[in-house]
Amino acid sequence: MAAADVVSAKKLVENLQTDLRALSNEAKKKYPPVKEAAEAGILRIRTVVAKNKDIIPALIACSGEIMQPFLLGCDTKNLRIVQICLASIQRLIAKQALSQEAGSNVVNMLWNLMDCGIEDLKVLQTTLVLVTTSTVVRGNALARAIVICFRLHFSKDNTVSNTASAIVQQVVCTVFERVLAEDAANAAGAEDHSIHQNSLKTNSRLPPKSLRPCATDAYLLFQDLCQLVNAEHPTWLLGLTEMSRTFGLELLESILNSFPQVFLRHKEFSFLLKERVCPLVIKLFSPSLKHKQNLMSTGPLVGDKPYFPLNMRLLRVVSVLINKYYSILVTESEIFLSLLVKFLEGDKPMWQRILALEVLHKLCVQLKLLRCFCLSYDMKTHSTKIFANIVNALGSFIQSLFVHPVVERQSALPGVNSGKDGLNSSPGVVGGMSLGGGLTPQPAFAYKGVWIPLINVAATGSARPVFLEMLDKLEAPTVPDGYGLSIAFTCLLDVVRSVSTIVTSELEVEQRRKDQSGSKKMNGGTVLDRNDAVLEDVDPSLKSLWEELVNASWCGVLAALSLLLEACTDETGTESILKSLEVYASLCGKLGMTVARDAFITCLCKASLPPHYALTVLNIATPQNANILHKGHKRSISRDGLSSQQGQGSDGNANEPGDGRNQVVAVGTALPTIQGTQQGPVMLTAKNIQCMRAILSVAHCHGGILGTAWHMVLTTLQHLAWILGLKPSAGGSLKVSGAAETANSVITTAVMGELPILSAMLSRLFESSQYLDEVALHHLIDALCKLSTESMEIAYANKEPSLFAVAKLLETGLVNLSRVEVLWRPVTAHLLEVCQHNHGRTRDWGAEAITSLVKASLAYKFEPPLHENLKLQTMLLSPLQELSAIQHPDIRQRQLECVLQVLHNNGETLAHGWPLVLGVIGAVSDDQGDNLIRTAFKCFQLVTTDFLPIMPRYGLQICISVAAKFGLQKEELNISLTSVGLLWNISDYLYQNRVSISEGLVKEANLVEGTNDSSPNEAPVPPFDALWLTLYSKQADLCVDSRPAVRKSAGQTLFSTISAHGSLLQQTTWSTVLWHVLFPLLDKVKKLSGAAKQDKSDISGGANILIHHSRDTAEKQWAETKVLTLAGVARVFNTWRQQLILLGE
């Protein structure tokens, strides 16, 4: 025995002896038997101490004898003696020096004292110590001890009653704590699960034999509490004649809340829950269900009026049952949840609706519970759609507050405060403030003349009930203004948070599992932006659960949030609504629920534009969320009914008092649409701008799931950009246009400061398209093309179009060059259409976009490099070539400027692109005007001076053709003459590099598309000779030009070239030169000179030039050409007669 225990035991012995002496002295006159018993007790204690080393066990053994004098003392009813005896008994109990029998005797003694009303507080104190210190009091003795406390609780003395109330709760908890201790001590031994429900039902008054002693006591106690609340007689707590229902329910709730382990571990206790507690709760709720409140009057219409203290405690019990026992009470929970939904209906008293809301809020913050509700009810075919009903009921409750402002509310508008401000009557509730000068307006919701303040009721993800904690109230308290709406609003936000967390966290788990199983990891983005690869591998039942969670709730969430968004006057409140809409839009998109996704996107887009304007622009009738309610829940008013009244003025809610968010911050002009243009200025509020930011955020963070909804998002952004005066600038970004374009535009300083930020956000949105997968990128491009097509149609109607879509197509293209194959064809095909438009600015931006893309793509570092990838280079240059088919001179000018820049910046790497580039340069025609021809020729001169050596050899033939084209054009004589000179330069280049060119041509023979001018029966011409033949034939064409100067220059060049470089031709090729070049030339000159006019008209081309008489008619000039040609041919024959003789006949 420890030294401390020895000291403690000796002290107990001394105290007992002192008490017995005091008792002996007090009783010696009036109560001799007590005096004798006390003296005998002293002797007995001395004997025990003398004989035993372990004093406490020895005292327990003879505790019956030691207790005797104290029990006799209490029987005397003498106050002083009773006090001494109770103090001494408490000492023995505290040191656990009582046997079970002695414990029972003490309980009997306390019962007698209670009956006589002596020392009630001491009796309570002794009972508490007796029950809580040890487990000697069990069974019927324990029941009597509990009854003592209960009966004293109903004492008329307030102090006794309140003390007894606290002690009852403590004693009841102790009974259940004993069960936990007993279970822990027997943890190794399995529970006896062989118990049958039938045996529990038949012997319901007797405890099940399968229970251990402490569990038996707890079982009988709980059973009796249920019976007492149900106004039945107890079977174990005998002698207990009365019990208030409210107190009984408090005890039941306390037990259920504190000891779920007991009920979940023991089937016998689970049975009590199902068979006793649940039916009892449902029965006690029935008056509340039948009761209806007339909305026009304050009094009830029928029978029993619901009683606040009872209802509140019942709902506390329901809250615990669903929270902690859902797993064993699935069916019962369905009934309770349906009741909660019913209590939210408009015909119930406001306090009752608030209580139900507080319980629902406690449930909505628990992810596991919501998941279980959906699994157990909404996904079962014949079950009530509980989760859907909860969400719809929240939405209906919110709407009803605006449609039928409730009588409990103090005022409809902040200016009409009735002085009796009930707002401070409950904790955590802030008073309404009138909007005086300089004060920040209180957060609130204002809709159609109804103003409801927004109160901070709880942090996100936690519930902080107020009415459920009012255990001391006997009457229903006044509901503070705005409290109901604030809880419903917070509850709705928590539903969104919970559903989102369930789906995203489980998706992330699946993603990690997929990654670990060795599959390729996804690129970037949150789980909601990944492609569908994860969803495809997910267990179908899990996917169905996610879909049902969203399906069951989206209609209700959208209906309520869209109304609240319209009514909200506070930036923070609006932000949380927008965030929730964004979260749901992304969830719906990720799960492939396009209708739901589009509905949320529509809501956001609608909120960012003025009411009437939105209806025109977004092509939407009043909201599409008509199917808000699922089966099983009646609504007081439909969302459509509310929406049809929306936006009676162009400023919607702008006149609501205290609504800072609806202050106009920007006025602009309406963007013309196909449907027509809105007359007059368009006004944007601070809330519209906030919603615009939200749309930008959705598109930026969740672009991967927008799909076809991109069109609506981009349409909205295009209109907002137009109204705010943001116009496209270089590279596709939007900038604030220099001056306001019309007198109607007014933009406040605050928004003016925000415009560069909005413009940057818009650019970041399209820059982030580089992280989209290919399908999502195609959706974005399709939407931009569709938007651009609409703008083109508007431009055809002679209205000023928006160039937003073209600018953003350019911006999207520029950031996605790394996967240019994916987007090049759709983007450039559309831009080519834009370039053909008859509206100047539209066409100009089309050309700007297409040329910028071509320049950027050619400068991009591809892998493998562009000059090694024929197919890709051809694809990138083809849009530039296709611009040649467009007749507008400004487009041709842009095209040629682009070619010039490409040559300067990327000429060295063009490789396979030369035929295309030369084709663009050579697309000259006389109707293009001298400016264009000059620009094109400038490009060509650059090619011939700098790039002939690095060009593929087959490109030389095209160069010759292009030079000839410039020679033949009639707009600029100087260019024609210079072209003839260029042909001479080319021939010189061919001669000097004959070996490398000849070898190169043989290698590229399969690529040469050159003319082989030999007849079918002649031998084929070698590639290098074919090049010379092309040169000669093109020069020959110039020899018969209508302008004498060109003819003369071309003739001299042709014959000089043949004379100088004829040695390079093979024998067989000479035949072709004669029959296909020289003889046809003589023939043509003969014909044309014969047909030349003899008069002097038009010889100088309309210019006032003096001409020598020997050349002053066309006939004379052609005669000169004839002479030169004959002389030239003769010179050729003379120079190369040796080769020509070998040709024979």
# chains A, B, ... in the order shown; residues from 1 in each chain; ligands from 1
$ residues_around --residues "segment 35-48 of chain A" --least-positions-apart "2" --cutoff "10 Å" --atoms "only C-alpha atoms" --output "PyMOL selection string"
chain A and resi 13-14+16-33+50-56+58-59+61-63+65-70+72-73
$ residues_around --residues "Ser759 of chain A" --least-positions-apart "2" --cutoff "10 Å" --atoms "only C-alpha atoms" --output "count of residues only"
16
$ closest_residue --among "A:Ser544, A:Leu604, A:Ala1005, A:Gln992" --to "Lys380 of chain A" --atoms "only C-alpha atoms"
A:Ser544
$ atom_distance --atom1 "atom CA of Glu275 of chain A" --atom2 "atom CA of Asp217 of chain A"
18.5 Å
$ closest_residue --among "A:His702, A:Arg693, A:Lys283, A:Lys1048" --to "Thr1121 of chain A" --atoms "only C-alpha atoms"
A:Lys1048
$ residues_around --residues "Leu220 of chain A" --least-positions-apart "3" --cutoff "12 Å" --atoms "only C-alpha atoms" --output "PyMOL selection string"
chain A and resi 138-140+142-143+146+172+175-176+204-208+211+213-217+223-227+234-238+268-269+272
